[in-house]
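J.: I'm passing along data_38.txt; it holds compact mmCIF, C-alpha atoms.
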```txt
# COMPACT_ATOMS: atom_id res chain seq x y z
CA MET A 1 82.30 139.13 10.55
CA ILE A 2 85.88 139.81 9.55
CA SER A 3 86.14 137.74 6.39
CA GLY A 4 83.98 135.34 4.43
CA ARG A 5 81.08 135.18 2.01
CA ILE A 6 77.60 136.39 2.96
CA ALA A 7 74.45 135.37 1.09
CA VAL A 8 71.22 137.34 1.09
CA PRO A 9 68.02 136.02 -0.56
CA SER A 10 67.07 138.82 -2.92
CA MET A 11 64.30 140.06 -5.17
CA GLU A 12 64.70 140.62 -8.91
CA ASN A 13 68.34 141.42 -9.76
CA GLY A 14 69.55 141.67 -6.18
CA GLY A 15 72.83 143.46 -5.49
CA LEU A 16 73.98 145.44 -2.47
CA ASP A 17 71.39 148.15 -3.12
CA GLY A 18 68.63 145.69 -3.91
CA MET A 19 65.78 144.37 -1.80
CA ARG A 20 65.65 141.23 0.27
CA ALA A 21 63.22 138.40 -0.43
CA GLY A 22 61.03 137.41 2.48
CA HIS A 23 61.00 133.69 1.73
CA PHE A 24 64.49 132.46 1.01
CA GLY A 25 63.36 129.38 -0.89
CA HIS A 26 61.34 131.47 -3.33
CA CYS A 27 63.85 134.29 -3.88
CA ASP A 28 64.81 135.29 -7.41
CA VAL A 29 68.55 135.41 -6.78
CA PHE A 30 71.04 135.25 -3.95
CA THR A 31 73.29 138.25 -3.52
CA LEU A 32 76.76 137.09 -2.48
CA ILE A 33 78.98 139.56 -0.65
CA ASP A 34 82.64 138.78 -0.14
CA VAL A 35 84.20 140.37 2.93
CA LYS A 36 87.88 140.64 3.77
CA ASP A 37 89.26 142.31 6.88
CA GLY A 38 85.84 143.78 7.56
CA GLU A 39 85.52 145.39 4.12
CA ILE A 40 83.28 144.44 1.21
CA ILE A 41 85.56 143.45 -1.66
CA GLU A 42 83.11 141.92 -4.16
CA VAL A 43 79.38 141.60 -4.75
CA LYS A 44 77.77 139.22 -7.22
CA THR A 45 74.51 137.33 -7.64
CA ILE A 46 73.60 133.76 -8.42
CA ASN A 47 70.23 132.54 -9.61
CA ASN A 48 68.09 130.56 -7.24
CA MET A 49 67.00 127.15 -8.42
CA GLU A 50 63.51 125.86 -9.06
CA HIS A 51 61.49 125.54 -5.88
CA VAL A 52 59.43 122.41 -5.40
CA GLN A 53 57.56 121.30 -2.31
CA GLY A 54 59.94 119.43 -0.05
CA GLY A 55 62.95 120.75 -1.96
CA CYS A 56 64.15 123.14 0.70
CA MET A 57 67.56 121.49 0.85
CA VAL A 58 68.22 122.56 -2.74
CA PRO A 59 69.31 126.12 -1.78
CA VAL A 60 71.34 124.61 1.05
CA ASN A 61 73.33 122.60 -1.47
CA LEU A 62 73.49 125.59 -3.83
CA LEU A 63 74.94 127.98 -1.25
CA ALA A 64 77.30 125.37 0.17
CA SER A 65 78.63 124.75 -3.33
CA HIS A 66 79.36 128.48 -3.57
CA ASN A 67 81.34 128.42 -0.32
CA VAL A 68 78.94 130.68 1.56
CA ASN A 69 79.78 131.21 5.24
CA ALA A 70 76.79 133.21 6.44
CA LEU A 71 73.18 133.67 5.37
CA ILE A 72 70.83 136.50 6.37
CA VAL A 73 67.13 135.61 6.40
CA GLY A 74 63.86 137.17 7.43
CA GLY A 75 62.45 133.73 8.05
CA ILE A 76 63.40 130.10 7.54
CA GLY A 77 61.93 126.70 8.22
CA MET A 78 63.31 124.14 10.62
CA ARG A 79 64.55 121.76 7.96
CA PRO A 80 66.62 124.20 5.91
CA LEU A 81 67.97 125.70 9.14
CA MET A 82 69.14 122.26 10.22
CA GLY A 83 70.61 121.81 6.76
CA PHE A 84 72.57 125.05 6.84
CA GLN A 85 73.89 124.18 10.28
CA GLN A 86 74.97 120.80 8.99
CA VAL A 87 76.97 122.27 6.10
CA GLY A 88 78.53 124.93 8.33
CA ILE A 89 76.66 128.02 7.14
CA ASP A 90 75.71 130.39 9.98
CA VAL A 91 72.16 131.74 9.65
CA TYR A 92 71.48 135.30 10.84
CA HIS A 93 68.08 136.84 11.34
CA ASP A 94 66.58 140.25 10.59
CA ALA A 95 62.84 140.34 10.00
CA GLU A 96 62.50 144.12 9.96
CA ARG A 97 64.51 145.73 7.21
CA PRO A 98 63.73 145.00 3.54
CA GLU A 99 66.96 146.45 2.15
CA ILE A 100 70.09 144.35 1.63
CA ARG A 101 72.79 146.88 2.44
CA PRO A 102 71.94 147.69 6.09
CA VAL A 103 71.68 144.07 7.19
CA VAL A 104 74.95 143.21 5.48
CA GLU A 105 76.68 146.16 7.14
CA ASP A 106 75.27 145.12 10.50
CA LEU A 107 76.48 141.56 10.05
CA ILE A 108 79.98 142.76 9.21
CA ALA A 109 79.86 145.03 12.28
CA GLY A 110 78.81 142.12 14.48
CA LYS A 111 75.40 143.61 15.20
CA LEU A 112 73.25 140.84 13.76
CA SER A 113 72.17 137.81 15.79
CA VAL A 114 72.23 134.19 14.77
CA ILE A 115 68.67 132.93 14.38
CA ARG A 116 67.21 131.11 17.36
CA GLN A 117 65.25 127.87 17.19
CA ASP A 118 62.10 129.69 18.32
CA GLN A 119 62.35 132.04 15.35
CA VAL A 120 61.92 129.36 12.70
CA CYS A 121 58.87 129.48 10.46
CA GLY A 122 55.98 127.09 10.60
CA GLY A 123 53.60 125.57 13.02
CA GLY A 124 55.15 122.13 13.07
CA GLY A 125 51.82 120.56 13.90
CA GLY A 126 50.56 123.25 16.17
CA HIS A 127 53.71 124.27 18.02
CA MET B 1 61.75 95.05 13.31
CA THR B 2 63.81 95.95 10.29
CA HIS B 3 63.98 94.14 7.05
CA SER B 4 65.45 95.30 3.81
CA TYR B 5 65.78 94.14 0.29
CA ASP B 6 67.14 95.57 -2.90
CA LYS B 7 65.59 95.14 -6.28
CA HIS B 8 67.61 94.69 -9.45
CA GLU B 9 70.88 94.24 -7.59
CA GLY B 10 73.88 94.69 -9.84
CA ARG B 11 72.23 97.09 -12.26
CA LYS B 12 74.26 100.19 -12.98
CA THR B 13 71.48 102.57 -12.04
CA VAL B 14 71.04 104.93 -9.14
CA MET B 15 68.96 103.29 -6.46
CA MET B 16 66.53 105.37 -4.47
CA SER B 17 66.42 104.32 -0.84
CA PHE B 18 63.02 104.35 0.84
CA LEU B 19 62.49 103.93 4.56
CA LEU B 20 58.99 103.09 5.72
CA VAL B 21 58.44 104.17 9.32
CA CYS B 22 55.26 102.80 10.77
CA ASP B 23 53.46 101.16 13.62
CA GLU B 24 52.05 97.70 13.30
CA SER B 25 49.05 99.15 11.46
CA ASP B 26 48.64 98.19 7.84
CA THR B 27 48.34 101.73 6.45
CA LEU B 28 51.58 101.46 4.52
CA ASN B 29 51.20 97.85 3.43
CA GLU B 30 49.64 98.79 0.11
CA PHE B 31 52.23 101.55 -0.36
CA GLU B 32 54.95 98.96 0.24
CA ARG B 33 53.32 96.51 -2.17
CA CYS B 34 53.20 99.14 -4.92
CA LEU B 35 56.84 100.07 -4.33
CA GLU B 36 57.85 96.46 -4.79
CA GLY B 37 56.73 96.66 -8.38
CA LEU B 38 59.05 99.51 -9.24
CA PRO B 39 62.66 99.24 -10.43
CA ASP B 40 65.65 100.80 -8.72
CA ILE B 41 64.03 101.10 -5.31
CA SER B 42 65.78 100.00 -2.14
CA LEU B 43 63.30 99.54 0.67
CA GLN B 44 63.60 99.24 4.42
CA LYS B 45 60.70 99.01 6.83
CA VAL B 46 61.05 99.87 10.49
CA THR B 47 58.28 99.55 13.06
CA SER B 48 60.11 101.31 15.89
CA GLY B 49 60.42 105.08 15.83
CA GLN B 50 63.68 104.97 17.77
CA ASP B 51 65.16 102.32 15.49
CA ALA B 52 64.26 104.51 12.53
CA LEU B 53 65.92 107.54 14.14
CA ASP B 54 69.05 105.49 14.84
CA LEU B 55 69.07 104.36 11.23
CA VAL B 56 68.90 107.84 9.68
CA LYS B 57 71.35 109.25 12.24
CA ASP B 58 74.04 106.97 10.85
CA LYS B 59 74.78 108.73 7.57
CA ALA B 60 76.39 105.54 6.29
CA ASN B 61 72.80 104.41 5.78
CA LYS B 62 71.59 106.13 2.62
CA VAL B 63 67.95 107.16 2.98
CA ASP B 64 66.48 109.30 0.21
CA LEU B 65 62.93 109.29 1.54
CA ALA B 66 61.33 108.35 4.83
CA VAL B 67 57.64 107.57 4.43
CA VAL B 68 56.16 108.14 7.86
CA ASP B 69 52.86 106.74 9.12
CA GLN B 70 50.28 108.82 11.00
CA MET B 71 51.42 107.32 14.28
CA VAL B 72 54.91 106.04 15.05
CA GLY B 73 55.80 104.50 18.37
CA GLY B 74 52.72 105.98 19.99
CA MET B 75 53.38 109.53 18.79
CA PRO B 76 52.14 111.42 15.75
CA GLY B 77 54.32 110.92 12.70
CA ILE B 78 55.03 114.64 12.49
CA ARG B 79 56.80 114.44 15.86
CA TRP B 80 59.04 111.74 14.44
CA VAL B 81 59.88 114.07 11.53
CA GLU B 82 60.70 116.86 14.00
CA GLN B 83 62.99 114.55 15.96
CA MET B 84 64.65 113.27 12.80
CA LEU B 85 65.51 116.63 11.19
CA PRO B 86 68.30 117.63 13.61
CA LEU B 87 69.85 114.19 13.13
CA ASN B 88 69.84 114.20 9.34
CA PRO B 89 68.02 117.03 7.53
CA MET B 90 69.05 115.64 4.14
CA VAL B 91 66.47 112.87 4.47
CA ASN B 92 63.30 113.76 2.58
CA THR B 93 60.01 112.83 4.16
CA ALA B 94 56.44 112.01 3.16
CA LEU B 95 53.81 111.80 5.86
CA VAL B 96 50.55 109.88 6.08
CA SER B 97 47.75 112.28 6.95
CA SER B 98 43.99 112.65 6.64
CA LEU B 99 44.28 116.44 6.37
CA SER B 100 43.44 118.33 3.20
CA ASP B 101 46.45 119.37 1.16
CA GLU B 102 45.98 122.97 2.27
CA ASP B 103 45.77 122.11 5.97
CA PHE B 104 48.65 119.68 5.60
CA HIS B 105 50.84 122.38 4.10
CA GLU B 106 50.19 124.57 7.12
CA TYR B 107 50.56 121.65 9.56
CA THR B 108 54.01 120.77 8.23
CA GLU B 109 55.24 124.24 7.28
CA GLY B 110 58.98 124.58 7.70
CA LEU B 111 59.58 120.85 7.96
CA GLY B 112 60.15 120.43 4.23
CA VAL B 113 57.82 117.47 3.85
CA LEU B 114 57.79 116.28 0.26
CA MET B 115 54.11 115.39 0.15
CA ARG B 116 51.09 114.09 1.99
CA ILE B 117 50.28 110.40 1.79
CA PRO B 118 46.54 109.65 2.01
CA LEU B 119 45.23 107.03 4.41
CA ASP B 120 44.57 104.68 1.53
CA PRO B 121 47.65 105.05 -0.69
CA ASP B 122 47.54 103.31 -4.05
CA LYS B 123 49.72 102.92 -7.10
CA THR B 124 48.98 106.49 -8.21
CA THR B 125 50.16 107.78 -4.84
CA VAL B 126 53.40 105.83 -5.11
CA THR B 127 53.97 107.08 -8.65
CA ARG B 128 53.51 110.69 -7.52
CA VAL B 129 55.89 110.20 -4.60
CA VAL B 130 58.57 108.69 -6.80
CA GLU B 131 58.20 111.44 -9.42
CA ARG B 132 58.44 114.15 -6.76
CA LEU B 133 61.49 112.52 -5.21
CA VAL B 134 63.21 112.12 -8.57
CA LYS B 135 62.58 115.82 -9.23
CA VAL B 136 64.04 116.93 -5.90
CA LEU B 137 67.05 114.64 -6.18
CA SER B 138 67.72 115.93 -9.69
CA LEU B 139 67.88 119.48 -8.31
CA TYR B 140 70.49 118.34 -5.79
CA GLN B 141 72.64 117.24 -8.71
CA THR B 142 72.68 120.64 -10.44
CA PRO B 143 73.94 123.16 -7.92
CA GLY B 144 75.03 125.61 -10.61
CA ALA B 145 78.41 126.09 -9.02
```
Will you turn the file into structure tokens for me?

T.:
Amino acid sequence: MISGRIAVPSMENGGLDGMRAGHFGHCDVFTLIDVKDGEIIEVKTINNMEHVQGGCMVPVNLLASHNVNALIVGGIGMRPLMGFQQVGIDVYHDAERPEIRPVVEDLIAGKLSVIRQDQVCGGGGGH
Amino acid sequence: MTHSYDKHEGRKTVMMSFLLVCDESDTLNEFERCLEGLPDISLQKVTSGQDALDLVKDKANKVDLAVVDQMVGGMPGIRWVEQMLPLNPMVNTALVSSLSDEDFHEYTEGLGVLMRIPLDPDKTTVTRVVERLVKVLSLYQTPGA
């Protein structure tokens, strides 16, 4: 990623040296990382909104309203994934590392993969 | 078959658009009857799964909530939800199911289903659905940007 805004679902206060949240809908905050010419130029956080059952498009609207270009998740359901695709936010996947910094650096370096349909969470009725 | 009707036309309030997706069974008849007694509800009922998919695919058709029967067009309602999401993920869904709430949560995980509709929905069910939908829609309106 050369330029753009990356979002990472984060625990507690977030930040580049913070920890990722495993379930993006339930995260405390989103860490937003602005990248220009392959360099991090600004890091800030925004609060997540209240999570209610069936409200998984709420963070989609939230991140779209903050002009996010890419999201890094450890897991995501089919519906929010479809939502992010619809609003033009690319969703990247790393289910291994709990820290924010290394996955962000890998995304900037082009080493992180876009999530595949078979990596979405949930049984979907036994799938 | 599709029929639609608006209640309280001309009122300056935000209408919530419901789409009932069902077979010819009467599972959702009582749900529909209870909805008719509520203000500010726009209701469409479609008894063809494909017609319902075509309807939500056209984003000119505002659908806030699709209430999906156990079986739609010969397939389980959850399959209809799975087919609908890539077409228009903004549409909220509620699904008729005999499962317990816990099993239902697992059954529909990731699909963002608003809530389970019991096989014998009544006025209380409809009230809960409307309250849940109002809550979710209110969160859409406050992105905190």

J.: Near chain A, which residues of chain B fall within 8 Å when you count all atoms listed in the file, and what do they look like as a VMD selection string?

T.: chain B and resid 78 82 85 to 86 89 to 90 92 to 93 106 to 115 136 139 to 140 143 to 145

J.: Skipping near chain neighbours, those fewer than 5 positions away, what residues fall within 8 Å of Leu16 of chain A using all atoms listed in the file, listed as a list in words?

T.: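 Residues meeting the cut-off are Thr31, Ile33, Val43, Ile100 and Arg101 of chain A.
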
J.: Using all atoms listed in the file, can you list as a count of residues only the residues within 7 Å of (63.0, 145.7, 4.1)?

T.: 6

J.: My list of candidates is B:Val126, B:Leu87, B:Ala66, B:Val72. Which is closest to Phe31 of chain B when distances are computed with all atoms listed in the file?

T.: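 Of B:Val126, B:Leu87, B:Ala66, B:Val72, the one nearest Phe31 of chain B, counting all atoms listed in the file, is B:Val126.
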
J.: Please, what distance in Å, to one decimal, runs between atom CA of Pro9 of chain A and atom CA of Val35 of chain A?

T.: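 If I compute the distance from atom CA of Pro9 of chain A to atom CA of Val35 of chain A, I get 17.1 Å.
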
J.: Which value, in Å to one decimal, gives the distance between atom CA of His23 of chain A and atom CA of Val73 of chain A?

T.: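 These two atoms are separated by 7.9 Å.
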